[in-house]
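Colleague: One structure, pasted below without further comment.
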Amino acid sequence: MRRFCRPRLGRALCLLALAFPVLAVALPKAASVPGGVALIPLGAMSSTGRAPRAWLGEQPVLVAAERGQWIAVVGLALDLPPGRHELRVGEGGEQKMLNFEVVSKYYPEQRITLKDSSKVTLSAADEARAVAEIATIRKLKQHWREADNTDSDFLLPATGRLASRFGLRRVFNGEPRAPHAGLDVAVPRGTAIKAGAHGVVLATDDYFFNGKTVFVDHGNGLISMYCHLDRIDVRTGDTVGQGQRIGLSGMTGRASGPHLHWSVILNGAMVDPELFVKAMPGHR
């Protein structure tokens, strides 16, 4: 478990942090927009040192300690409508609702031409496979594992040109499709792909759209996903460290060229991975 005291914390809070399980993480950048992350203050740490619980709808939410305060770290789905929303917070036997605002954000359009049109206009068999896989991935996104060492300070999993940013409204071969719910890094086939942060491998598989994919569970509803791999080097249940190789890049699944598609999932919502990376040297 990571427990640490910052110089700005008083001696009493430092002793408290050492005496009780406190989830202290490097918080992502705040962006209260669809596809972003809302950081919602929940109040000062009490003498018990126990974190309050929080939910967005029925999905539990990561709660972290920052400068003696509890902060709800809330993932906001791309299809979440702008406006006022409610976070349910429970402490002891009591619950309360906290309002927060989500503002709109414009995401540009991206048009992509695929030579393999079967990845755009699906056969009946491919469509049945894709629908079943989407249901499986939805369950994986909602996975929750209680942990006291969640780290949201990610490294970029590969070094290369940022080819497609998060949230792009995508059009494949002239047909509108779901927005781009990840960050694409253009790298040659066979490039080492590394875990963005430490965690446990939640699942691996070869999907129709995503290709060979690895899910890493970082605890408390924070999950990362690495797609279009040429090779997978880990197994479900493996513990991985930050920067550990989990596979090699490729272009399996629906891809117009070799690259890594990297997604970050928070309380079931696909959110902008760049909010979790403090620095990306050498990238534009």
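Every chain in the structure tokens takes a letter, A first, then B, and so on in the order presented; its residues are numbered from 1, and the ligands are numbered from 1 following the presented order.
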Can you pull out every residue within 6 Å of stretch 69-80 of chain A, counting only C-alpha atoms, but drop anything in the same chain fewer than 6 positions away, and send it as a list in words?

Modeller: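 My list of contacting residues is Pro34, Gly35, Gly36, Val37, Ala38, Leu39, Ile40, Pro41, Leu42, Gly43, Ala44, Met45, Leu62, Val63, Leu266, Asn267, Ala269 and Met270 of chain A.
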
Colleague: Using C-alpha atoms, can you export the residues from the last selection as a PDB file, in the first residue's frame?

Modeller:
```pdb
ATOM      1  CA  PRO A  34     -18.132  14.165 -21.748  1.00  0.00           C
ATOM      2  CA  GLY A  35     -15.118  11.860 -21.947  1.00  0.00           C
ATOM      3  CA  GLY A  36     -13.372  13.695 -19.122  1.00  0.00           C
ATOM      4  CA  VAL A  37     -12.830  13.322 -15.385  1.00  0.00           C
ATOM      5  CA  ALA A  38     -14.596  15.319 -12.649  1.00  0.00           C
ATOM      6  CA  LEU A  39     -12.724  15.812  -9.367  1.00  0.00           C
ATOM      7  CA  ILE A  40     -15.364  16.356  -6.685  1.00  0.00           C
ATOM      8  CA  PRO A  41     -14.344  17.299  -3.100  1.00  0.00           C
ATOM      9  CA  LEU A  42     -16.067  15.161  -0.472  1.00  0.00           C
ATOM     10  CA  GLY A  43     -14.746  16.878   2.661  1.00  0.00           C
ATOM     11  CA  ALA A  44     -11.852  16.619   5.078  1.00  0.00           C
ATOM     12  CA  MET A  45     -10.431  13.315   6.244  1.00  0.00           C
ATOM     13  CA  LEU A  62     -12.749   5.916  -7.029  1.00  0.00           C
ATOM     14  CA  VAL A  63     -12.234   8.040  -3.885  1.00  0.00           C
ATOM     15  CA  LEU A 266     -12.882   4.870 -15.023  1.00  0.00           C
ATOM     16  CA  ASN A 267     -16.050   3.694 -13.224  1.00  0.00           C
ATOM     17  CA  ALA A 269     -16.646   5.162 -18.644  1.00  0.00           C
ATOM     18  CA  MET A 270     -14.088   5.480 -21.436  1.00  0.00           C
TER      19      MET A 270
END
```

Colleague: Give me the residues near A:Lys194 as a PyMOL selection string, where near means some atom within 6 Å (using only C-alpha atoms) and where sequence neighbours in that chain fewer than 2 positions away do not count.

Modeller: chain A and resi 157+243-246

Colleague: May I have the selected residues written with C-alpha atoms, as a compact mmCIF listing (two decimals), in the first residue's frame?

Modeller:
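Just written: result-v4.txt:
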```
# COMPACT_ATOMS: atom_id res chain seq x y z
CA PRO A 157 2.58 2.77 -23.17
CA GLY A 243 6.48 0.04 -17.74
CA GLN A 244 6.46 -3.77 -17.96
CA ARG A 245 6.05 -5.16 -21.47
CA ILE A 246 2.65 -6.74 -21.98
```

Colleague: Find the residues around A:Asp184 up to 8 Å (only C-alpha atoms counted), leave out those fewer than 6 positions away in its own chain, and share them as a VMD selection string.

Modeller: chain A and resid 162 to 165 259 to 262

Colleague: Using DSSP on the backbone, list every residue of stretch 53-217 of chain A that comes out as strand (DSSP E or B), and give them as a ChimeraX atom specification.

Modeller: /A:53-56,59-60,62-66,69-75,83-91,94-102,109-112,154,161-164,169-172,175-176,183-186,192-194,199-207,211-217

Colleague: Next, write the just-selected residues to a file, as a PDB file, in the first residue's frame, keeping C-alpha atoms as the atom set.

Modeller:
```pdb
ATOM      1  CA  ARG A  53     -18.122   5.680  -0.650  1.00  0.00           C
ATOM      2  CA  ALA A  54     -19.371   7.257  -3.853  1.00  0.00           C
ATOM      3  CA  TRP A  55     -21.441   6.129  -6.842  1.00  0.00           C
ATOM      4  CA  LEU A  56     -22.378   7.596 -10.211  1.00  0.00           C
ATOM      5  CA  GLN A  59     -21.397   2.319 -10.562  1.00  0.00           C
ATOM      6  CA  PRO A  60     -18.929   2.760  -7.660  1.00  0.00           C
ATOM      7  CA  LEU A  62     -12.749   5.916  -7.029  1.00  0.00           C
ATOM      8  CA  VAL A  63     -12.234   8.040  -3.885  1.00  0.00           C
ATOM      9  CA  ALA A  64      -8.696   9.290  -3.167  1.00  0.00           C
ATOM     10  CA  ALA A  65      -6.937  11.400  -0.545  1.00  0.00           C
ATOM     11  CA  GLU A  66      -5.370  14.710  -1.583  1.00  0.00           C
ATOM     12  CA  GLN A  69      -9.284  15.986   1.667  1.00  0.00           C
ATOM     13  CA  TRP A  70     -11.289  13.151   0.138  1.00  0.00           C
ATOM     14  CA  ILE A  71     -11.766  13.549  -3.622  1.00  0.00           C
ATOM     15  CA  ALA A  72     -14.159  11.570  -5.832  1.00  0.00           C
ATOM     16  CA  VAL A  73     -12.429  10.837  -9.149  1.00  0.00           C
ATOM     17  CA  VAL A  74     -15.368  10.436 -11.535  1.00  0.00           C
ATOM     18  CA  GLY A  75     -15.145   9.187 -15.115  1.00  0.00           C
ATOM     19  CA  GLY A  83     -25.816  19.675 -17.548  1.00  0.00           C
ATOM     20  CA  ARG A  84     -26.270  18.935 -13.861  1.00  0.00           C
ATOM     21  CA  HIS A  85     -25.570  15.431 -12.566  1.00  0.00           C
ATOM     22  CA  GLU A  86     -25.616  13.802  -9.147  1.00  0.00           C
ATOM     23  CA  LEU A  87     -22.999  11.849  -7.258  1.00  0.00           C
ATOM     24  CA  ARG A  88     -24.292   9.628  -4.443  1.00  0.00           C
ATOM     25  CA  VAL A  89     -22.032   9.648  -1.397  1.00  0.00           C
ATOM     26  CA  GLY A  90     -22.303   7.344   1.629  1.00  0.00           C
ATOM     27  CA  GLU A  91     -20.480   7.703   4.923  1.00  0.00           C
ATOM     28  CA  GLU A  94     -25.965   8.044   5.848  1.00  0.00           C
ATOM     29  CA  GLN A  95     -26.115   8.975   2.192  1.00  0.00           C
ATOM     30  CA  LYS A  96     -26.286  12.311   0.411  1.00  0.00           C
ATOM     31  CA  MET A  97     -26.375  13.604  -3.155  1.00  0.00           C
ATOM     32  CA  LEU A  98     -23.800  16.043  -4.490  1.00  0.00           C
ATOM     33  CA  ASN A  99     -24.534  18.005  -7.656  1.00  0.00           C
ATOM     34  CA  PHE A 100     -21.853  18.702 -10.255  1.00  0.00           C
ATOM     35  CA  GLU A 101     -21.886  20.255 -13.706  1.00  0.00           C
ATOM     36  CA  VAL A 102     -20.758  18.728 -16.982  1.00  0.00           C
ATOM     37  CA  GLU A 109     -14.548  14.494 -37.146  1.00  0.00           C
ATOM     38  CA  GLN A 110     -12.132  11.944 -38.580  1.00  0.00           C
ATOM     39  CA  ARG A 111     -12.718  10.090 -41.859  1.00  0.00           C
ATOM     40  CA  ILE A 112     -10.981   6.746 -42.339  1.00  0.00           C
ATOM     41  CA  PHE A 154       0.317   6.715 -16.104  1.00  0.00           C
ATOM     42  CA  ARG A 161       3.404   9.793 -33.078  1.00  0.00           C
ATOM     43  CA  LEU A 162      -0.023  10.452 -31.564  1.00  0.00           C
ATOM     44  CA  ALA A 163      -2.085   9.501 -34.603  1.00  0.00           C
ATOM     45  CA  SER A 164      -5.700   9.850 -33.407  1.00  0.00           C
ATOM     46  CA  ARG A 169     -16.269  11.458 -34.355  1.00  0.00           C
ATOM     47  CA  ARG A 170     -15.285   8.659 -36.722  1.00  0.00           C
ATOM     48  CA  VAL A 171     -16.529   7.910 -40.222  1.00  0.00           C
ATOM     49  CA  PHE A 172     -15.372   4.627 -41.762  1.00  0.00           C
ATOM     50  CA  GLU A 175     -20.378   5.486 -42.657  1.00  0.00           C
ATOM     51  CA  PRO A 176     -20.599   7.161 -39.204  1.00  0.00           C
ATOM     52  CA  LEU A 183      -5.585   7.373 -27.936  1.00  0.00           C
ATOM     53  CA  ASP A 184      -3.775   5.947 -30.985  1.00  0.00           C
ATOM     54  CA  VAL A 185       0.027   5.838 -31.032  1.00  0.00           C
ATOM     55  CA  ALA A 186       1.510   5.103 -34.461  1.00  0.00           C
ATOM     56  CA  ALA A 192       7.067  -3.173 -27.200  1.00  0.00           C
ATOM     57  CA  ILE A 193       3.808  -2.106 -25.515  1.00  0.00           C
ATOM     58  CA  LYS A 194       4.139  -1.368 -21.800  1.00  0.00           C
ATOM     59  CA  GLY A 199      -2.026  -3.589 -11.844  1.00  0.00           C
ATOM     60  CA  VAL A 200      -3.432  -7.056 -12.489  1.00  0.00           C
ATOM     61  CA  VAL A 201      -4.238  -8.438 -15.945  1.00  0.00           C
ATOM     62  CA  LEU A 202      -8.034  -8.594 -16.009  1.00  0.00           C
ATOM     63  CA  ALA A 203      -8.470 -10.295 -19.393  1.00  0.00           C
ATOM     64  CA  THR A 204      -6.835 -10.982 -22.747  1.00  0.00           C
ATOM     65  CA  ASP A 205      -8.520 -11.964 -25.999  1.00  0.00           C
ATOM     66  CA  ASP A 206      -8.647 -11.523 -29.770  1.00  0.00           C
ATOM     67  CA  TYR A 207     -11.702  -9.413 -30.686  1.00  0.00           C
ATOM     68  CA  GLY A 211      -7.902  -7.365 -32.294  1.00  0.00           C
ATOM     69  CA  LYS A 212      -5.543  -8.879 -29.737  1.00  0.00           C
ATOM     70  CA  THR A 213      -6.255  -6.962 -26.543  1.00  0.00           C
ATOM     71  CA  VAL A 214      -5.046  -6.758 -22.944  1.00  0.00           C
ATOM     72  CA  PHE A 215      -7.067  -5.292 -20.057  1.00  0.00           C
ATOM     73  CA  VAL A 216      -5.142  -4.249 -16.928  1.00  0.00           C
ATOM     74  CA  ASP A 217      -7.081  -3.653 -13.700  1.00  0.00           C
TER      75      ASP A 217
END
```

Colleague: List the spatial neighbours of A:Tyr107 as a ChimeraX atom specification - criterion: any atom at most 9 Å away, only C-alpha atoms, same-chain residues fewer than 2 positions off excluded.

Modeller: /A:105,109,166-169,179

Colleague: Point out the residue among A:Gly268, A:Ala279, A:Val61, A:Phe208 with the least atom-to-atom distance to A:Glu133, counting only C-alpha atoms.

Modeller: A:Phe208

Colleague: When you count only C-alpha atoms, which of these residues is closest to A:Ala197: A:Ser256, A:Ser224, A:Thr236, A:Ser104?

Modeller: A:Ser224

Colleague: Near A:Ile265, within 9 Å and counting only C-alpha atoms, which residues show up once chain neighbours fewer than 6 positions away are dropped, as a ChimeraX atom specification?

Modeller: /A:75,141-142,221-225,271-273

Colleague: Go ahead and save the residues from that selection, with N, CA and C atoms, as a PDB file, in the first residue's frame.

Modeller:
```
ATOM      1  N   GLY A  75     -15.211   9.271 -13.667  1.00  0.00           N
ATOM      2  CA  GLY A  75     -15.145   9.187 -15.115  1.00  0.00           C
ATOM      3  C   GLY A  75     -16.477   9.561 -15.741  1.00  0.00           C
ATOM      4  N   LYS A 141     -15.523  -3.546 -18.472  1.00  0.00           N
ATOM      5  CA  LYS A 141     -15.415  -2.122 -18.140  1.00  0.00           C
ATOM      6  C   LYS A 141     -16.032  -1.802 -16.789  1.00  0.00           C
ATOM      7  N   GLN A 142     -17.029  -2.550 -16.380  1.00  0.00           N
ATOM      8  CA  GLN A 142     -17.723  -2.294 -15.115  1.00  0.00           C
ATOM      9  C   GLN A 142     -17.099  -3.039 -13.940  1.00  0.00           C
ATOM     10  N   GLY A 221     -12.003   0.511  -9.958  1.00  0.00           N
ATOM     11  CA  GLY A 221     -12.694   0.955 -11.165  1.00  0.00           C
ATOM     12  C   GLY A 221     -11.822   1.606 -12.215  1.00  0.00           C
ATOM     13  N   LEU A 222     -10.500   1.611 -12.033  1.00  0.00           N
ATOM     14  CA  LEU A 222      -9.576   2.179 -13.026  1.00  0.00           C
ATOM     15  C   LEU A 222      -8.955   1.037 -13.823  1.00  0.00           C
ATOM     16  N   ILE A 223      -9.193   1.025 -15.137  1.00  0.00           N
ATOM     17  CA  ILE A 223      -8.778  -0.070 -16.018  1.00  0.00           C
ATOM     18  C   ILE A 223      -8.166   0.536 -17.278  1.00  0.00           C
ATOM     19  N   SER A 224      -7.108  -0.088 -17.785  1.00  0.00           N
ATOM     20  CA  SER A 224      -6.545   0.340 -19.065  1.00  0.00           C
ATOM     21  C   SER A 224      -6.659  -0.792 -20.075  1.00  0.00           C
ATOM     22  N   MET A 225      -6.782  -0.427 -21.354  1.00  0.00           N
ATOM     23  CA  MET A 225      -7.005  -1.392 -22.429  1.00  0.00           C
ATOM     24  C   MET A 225      -6.026  -1.108 -23.566  1.00  0.00           C
ATOM     25  N   VAL A 271     -12.569   7.289 -20.859  1.00  0.00           N
ATOM     26  CA  VAL A 271     -12.189   8.683 -20.660  1.00  0.00           C
ATOM     27  C   VAL A 271     -10.873   8.976 -21.366  1.00  0.00           C
ATOM     28  N   ASP A 272     -10.560  10.243 -21.510  1.00  0.00           N
ATOM     29  CA  ASP A 272      -9.383  10.676 -22.262  1.00  0.00           C
ATOM     30  C   ASP A 272      -8.093  10.230 -21.568  1.00  0.00           C
ATOM     31  N   PRO A 273      -7.303   9.339 -22.174  1.00  0.00           N
ATOM     32  CA  PRO A 273      -6.070   8.869 -21.520  1.00  0.00           C
ATOM     33  C   PRO A 273      -5.065   9.982 -21.242  1.00  0.00           C
TER      34      PRO A 273
END
```
